[in-house]
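Enquirer: First the structure, which I've put down as structure tokens, then a few questions once you've had a look.
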Amino acid sequence: MSHATMDPKDGQAGHAGHAGHAGHDHHASAEHAKYPFLAHHFDTPAQQFDSAKLGMWLFLATEVLFFGALFVAYAVLRSRFPEVFTYASHYLDTIMGGINTCVLILSSLTMALGVYFAQRGKRIALIVCLWLTMAGAAGFLVIKYFEYSHKIHENLVWGPSFYIPPHDAIGEIEAQDLAHAPAPAPAAVAPPTDSAAQAIVMVGNKPAVDASVIKPAQSGPSGLGAGAVNPASAVTHDVIPRDIPADHLEDPKMPPNTHMFFAIYYAMTGLHGIHVVIGMVVIGILIYRATRGDFGPNYYTPVDLVGLYWHIVDLVWIFLFPLFYLIH
Amino acid sequence: MTTVATPRPEAIGATASTDNYLTYTRGFLSWALTLDHKRIGVMYMGAVLTSFFVGGVFALLLRTELLTPGRTICSAEAYNQFFTLHGAIMVFLVIIPSIPAALGNFVLPIMLGAKDVAFPRLNLFSLYLWIGGACFTLYSLAAGGFDTGWTFYTPYSTTTTTGGVIPVLTGVFILGFSSIFTGLNFIVTVHKLRPPGMTWFRMPLFLWALYATAIIQVLATPVLAITLSLLIVERLLNIGIFNPSMGGDPVLYQHFFWFYSHPAVYIMIVPAMGIISEIISVHAHRQIFGYRFIAFSSIAIAMFSFIVWGHHMFTSGQSGLMNTIFSLISFSVAIPSAVKTFNWVMTLYKGTISLTAPMMYALSFIFLFTIGGLTGIHLATLNTDVHLHDTYFVVAHFHYVMMGSALIGMIGGLHHWWPKMTGRMYNERMAVIACVIIFVGFNITFFTQFMLGSQGMPRRYYDYQPEFQIYHVISTIGAYIMAVGFGTCAVCLAQSLMAGGRKAPMNPWGGRSLEWQCSSPPPHDNFSSPPTVGNCYDYSMLRWDEREQGYVVDKKLEEAAIEAESRSHS
């Protein structure tokens, strides 16, 4: 391979070939000899670090806009179907979501500690922190897997499948497995009853007004192509369910278009989940490099950048959790 | 303070420097794995020009089909695919990467006085992303093509049975990331790699334009990425967010799409404006008029670009209040655009204008952009837009801006920096003739379409009333003339690369920005010693040198210039 290769050292060699021309270059070459990680087109490590950091912040800005569009879609759907969101949110498992929130926040802490230890050259502590962060990410995904599989089992999904009765689905599975399967037991698929929801109902016969519900505009511009405001949707608080039946299709109070809640739920949490997976990959690379001993007080840029990335993944979840789980 | 770098001896004379980026290393891998921004820029340029050829062929096909009402050469389905491919290729594969990724990559670090962009590996990666995106777009043809129009409006794009929709969406998604990474790289480079003395207000205006463009690329493109992902999910999994029959909102798709795609038209035009600022000043040999106004107007256009997207949806059931607001803000884009145009004209006024090929393109740009910009005001006006919406008037308008301005600017910039990129001079007369042919052909093609559109011919239609035929015939003839012009231009540039082409001097046009201070073609590291930065639009110390066949710094004039500068400071 030639001078123009991936390795900064090669670039440095090419650069040194011209070093005779000026004193400035000579100085820069001295910096390059001192810091092997310094790429040929930077003069100082500080310049390289600042550039990388600015680049990462810009990348985070793109991430914000990437998710931003989905948050806008959420807002549009929720303002169009406020009753759907308050209703369907009952089907999400707040306990699991809460645990996941804690797991992610803790992994953010271990990531931040990792940066701290990298800056101070504490290799073992850095590796431990990175493994802990990795464990947090994995734990998050495991819990998410259980949440997803439970909902998919119940056909609490997007699109037309939402309206296929879950019992049929079970029946199909068991039809294939007739040999060692007893008769279907509907009770087995009952979701855990939400005691919090019942408690709210027991306080008074009028359902508590949820301040977080975006009320549909009664007059003025409809905006965002939402079309005419349906006057019926203004009184939709009555459909806040008093009790969630085992099968959502058997619930006469289920508002129309409830599947849209799950569409946006899977879109947003799915995209977030993909980001967690990418985070695990880059943390894995960091673990590899940290074990090799690449990082120290002079050079910890990758740890810092992955840290920033991991924090924004965490931050997105901190918005997702209340927007989906805590609105009923 | 000395403001000039003395020409290096080896750059003077008939033989070019042996240490140049083209010959620095050899072999396929030295290009495929290069981290040199100049080589990446040249490869981008080759890729973009190839795509331009393909997109152009589709343009000629669809113009030929429109020669007669009803069937001329192909079926309506094929015609739908032609205009879709023409649009998608020209927008996503040609115009958006043309100036920032191809010319910008080559010129930006040199103009800035840096050795490379901030993240060379990311730069190479974005080239490969571009190639990947282009492959997916090509694959979509094999997978059955797509007939959605380049805008992919729902619900048609989610229900059409053409098989290439998902591949092309994937392709555009990937191309978007290529664009994001280029923009990110440029912002960081401009912020962090300016050498001592290169203050913000000493930057050439092309860099201001690229910086403004990069802001748009970084902030707008992610929204397109997520929108297209949602479309893919919609088609694959029927998620329904844009599907009205499931409670979704197709107009939401339009909002998302234009939130990116309106800024995207400024990704196309703003860097072209930057090129024009350079060309006008250098080839009129006159200090640019209103430097700060041009610089800030680039930033202003970038800011405005994010808040005008609704003017694409005046007839999509948007509320009257929002229409009014979007209309008003859209008008205001005319202000920074006019600021630029007036400043260019003022720079020309009393300048020593050389009618070189780049200058001819720049003059064409001013003419065409004025028409394109002013007809944009027609379309930003609510009540005229109701009538002109989705007619050939719109087609003509955006071709005047996207092709007549952005692409002409790109071709002008290509001629301007061609000696620097290749180390060869092209046949000036032939290049000027090509420019004139393109200019004439362009106006015949698209001015006719203004008339066609104002009489009610809708865009994207396969068939039309017989009374429209005369306009369609004229327009198609214009398209053929343009094809001849671009062919001439291509032959002219290719000829310069043949054996016996004239070697380019270091400074053929008399520019003062830093790229004219390094040899043609530049060395691998751009500058053998850190360049000294001066006023990049002060041409007073340059004189034409017969032996060099280019401009050199005259010692006496230089001293006079320095003296004048110190006098003005005291």
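Residue numbering restarts at 1 for every chain of the structure tokens, chains are lettered A, B, ... in their displayed order, and ligands are numbered from 1 as they appear.
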What are the closest atom pairs, with distances in Å to one decimal, for each residue of chain B lying within 7 Å of chain A, using only C-alpha atoms, rows by chain and rising residue number, as CSV?
Expert:
```
residue,atom,partner,partner_atom,distance
B:Thr25,CA,A:Ser2,CA,6.6
B:Ser30,CA,A:Ser2,CA,6.0
B:Leu33,CA,A:Thr5,CA,6.2
B:Thr34,CA,A:Ala4,CA,5.0
B:Leu35,CA,A:Ala4,CA,5.8
B:Asp36,CA,A:Ala4,CA,6.9
B:Lys115,CA,A:His41,CA,5.2
B:Asp116,CA,A:His41,CA,5.9
B:Ala118,CA,A:Ser51,CA,6.8
B:Leu184,CA,A:Gly55,CA,6.3
B:Val188,CA,A:Ser51,CA,6.0
B:Lys192,CA,A:Ser51,CA,6.0
B:Val218,CA,A:Thr62,CA,6.1
B:Leu219,CA,A:Thr62,CA,5.8
B:Pro222,CA,A:Phe66,CA,4.8
B:Val223,CA,A:Phe66,CA,5.4
B:Ile226,CA,A:Phe66,CA,5.8
B:Asn238,CA,A:Gly159,CA,6.0
B:Ile239,CA,A:Gly159,CA,5.4
B:Gly240,CA,A:Gly159,CA,6.3
B:Ile241,CA,A:Ala263,CA,7.0
B:Gly247,CA,A:Asn257,CA,6.2
B:Val251,CA,A:Gly225,CA,5.9
B:Leu252,CA,A:Leu224,CA,6.8
B:Gly317,CA,A:Gly225,CA,5.9
B:Gln318,CA,A:Gly225,CA,5.3
B:Ser319,CA,A:Pro221,CA,5.3
B:Leu321,CA,A:Pro221,CA,6.4
B:Ser528,CA,A:His21,CA,6.3
B:Ser529,CA,A:Ala22,CA,5.7
```
Enquirer: Residues of segment 369-554 of chain B classed as alpha helix (DSSP H) by DSSP on the backbone are to be reported as a PyMOL selection string.
Expert: chain B and resi 369-380+382-388+392-401+408-422+428-454+469-497
Enquirer: Compile the contact shell of Met198 of chain B as a VMD selection string: residues with an atom at most 10 Å away, counting only C-alpha atoms, same-chain residues fewer than 2 positions apart removed.
Expert: chain B and resid 111 to 113 190 193 to 196 200 to 204 531 to 535
Enquirer: Need the shell around Cys435 of chain B: protein/DNA/RNA residues with any atom at most 10 Å away, counting only C-alpha atoms. Skip same-chain ones fewer than 6 positions apart. Format as a list in words?
Expert: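 Final neighbour list, sorted by chain and number: Ala357, Pro358, Met359, Met360, Tyr361, Ser364, Ile408, Ile411, Gly412, Arg429, Gly441, Met482, Gly485, Phe486, Thr488 and Cys489 of chain B.
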Enquirer: Using only C-alpha atoms, please write the residues we just selected to a file, as a PDB file, in the first residue's frame.
Expert:
```
ATOM      1  CA  ALA B 357     -15.305  30.209 -20.438  1.00  0.00           C
ATOM      2  CA  PRO B 358     -15.812  30.394 -16.638  1.00  0.00           C
ATOM      3  CA  MET B 359     -16.901  34.015 -16.997  1.00  0.00           C
ATOM      4  CA  MET B 360     -19.349  33.099 -19.748  1.00  0.00           C
ATOM      5  CA  TYR B 361     -20.872  30.491 -17.457  1.00  0.00           C
ATOM      6  CA  SER B 364     -25.210  32.825 -17.949  1.00  0.00           C
ATOM      7  CA  ILE B 408     -24.264  25.932 -14.898  1.00  0.00           C
ATOM      8  CA  ILE B 411     -19.805  23.568 -14.981  1.00  0.00           C
ATOM      9  CA  GLY B 412     -18.410  27.098 -14.703  1.00  0.00           C
ATOM     10  CA  ARG B 429     -12.681  29.210 -27.800  1.00  0.00           C
ATOM     11  CA  GLY B 441     -30.502  25.524 -25.849  1.00  0.00           C
ATOM     12  CA  MET B 482     -28.369  21.605 -25.080  1.00  0.00           C
ATOM     13  CA  GLY B 485     -23.636  21.961 -26.123  1.00  0.00           C
ATOM     14  CA  PHE B 486     -22.794  19.563 -23.305  1.00  0.00           C
ATOM     15  CA  THR B 488     -19.044  20.001 -27.131  1.00  0.00           C
ATOM     16  CA  CYS B 489     -18.094  20.894 -23.587  1.00  0.00           C
TER      17      CYS B 489
END
```
Enquirer: Interatomic distance between atom CA of Tyr156 of chain B and atom CA of Phe242 of chain B?
Expert: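 For atom CA of Tyr156 of chain B relative to atom CA of Phe242 of chain B, the distance reads 10.6 Å.
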Enquirer: Give me the residues within 8 Å of segment 117-132 of chain A as an MDAnalysis selection string, counting only C-alpha atoms and dropping any in the same chain fewer than 5 places off.
Expert: chainID A and resid 107 110:111 283 286:287 290:291 293 295:300 303
Enquirer: Write a file of the selected residues as a short mmCIF file (atom, residue, chain, number, x, y, z; two decimals), in the first residue's frame, keeping N, CA and C atoms.
Expert:
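again03.cif, freshly written:
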```cif
data_model
loop_
_atom_site.label_atom_id
_atom_site.label_comp_id
_atom_site.auth_asym_id
_atom_site.auth_seq_id
_atom_site.Cartn_x
_atom_site.Cartn_y
_atom_site.Cartn_z
N SER A 107 -26.09 3.01 32.96
CA SER A 107 -25.05 2.75 31.97
C SER A 107 -24.44 4.05 31.48
N THR A 110 -21.84 4.79 34.09
CA THR A 110 -20.60 4.03 33.95
C THR A 110 -19.82 4.50 32.73
N MET A 111 -20.54 4.92 31.69
CA MET A 111 -19.83 5.45 30.52
C MET A 111 -19.08 6.73 30.88
N ILE A 283 -19.00 0.28 21.63
CA ILE A 283 -18.42 0.05 22.96
C ILE A 283 -17.53 -1.19 22.91
N LEU A 286 -14.32 -0.20 21.62
CA LEU A 286 -13.58 0.53 22.67
C LEU A 286 -12.95 -0.46 23.64
N ILE A 287 -13.71 -1.50 24.04
CA ILE A 287 -13.17 -2.47 24.98
C ILE A 287 -11.92 -3.12 24.39
N ALA A 290 -9.19 -0.54 24.44
CA ALA A 290 -8.74 -0.23 25.80
C ALA A 290 -7.90 -1.37 26.34
N THR A 291 -8.31 -2.61 26.04
CA THR A 291 -7.53 -3.77 26.48
C THR A 291 -6.14 -3.73 25.85
N GLY A 293 -4.59 -1.17 25.26
CA GLY A 293 -3.83 -0.10 25.88
C GLY A 293 -3.67 1.12 25.00
N PHE A 295 -5.49 3.87 25.10
CA PHE A 295 -5.95 5.14 25.63
C PHE A 295 -5.13 5.55 26.85
N GLY A 296 -4.99 6.82 27.00
CA GLY A 296 -4.27 7.37 28.14
C GLY A 296 -4.55 8.85 28.22
N PRO A 297 -3.90 9.53 29.13
CA PRO A 297 -4.17 10.96 29.31
C PRO A 297 -3.97 11.77 28.03
N ASN A 298 -3.06 11.31 27.16
CA ASN A 298 -2.82 12.05 25.93
C ASN A 298 -3.89 11.79 24.89
N TYR A 299 -4.44 10.61 24.91
CA TYR A 299 -5.32 10.21 23.82
C TYR A 299 -6.48 9.38 24.35
N TYR A 300 -7.63 10.01 24.44
CA TYR A 300 -8.82 9.28 24.89
C TYR A 300 -10.02 9.70 24.04
N VAL A 303 -13.04 7.31 23.37
CA VAL A 303 -13.87 7.05 24.56
C VAL A 303 -14.81 8.22 24.77
#
```
Enquirer: Could you give me, as an MDAnalysis selection string, the residues within 8 Å of segment 260-269 of chain B, counting only C-alpha atoms and dropping anything in the same chain fewer than 2 positions from it?
Expert: chainID B and resid 95:96 99 213:214 216:217 220:221 223:224 256:258 271:273 301:302 305:306 308:309 401:402 405:406
Enquirer: Pick out the closest residue to Leu305 of chain A from this set: A:Tyr35, A:Phe162, A:Tyr148, A:Phe49. Count only C-alpha atoms.
Expert: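 Selected residue with least distance to Leu305 of chain A: A:Phe49.
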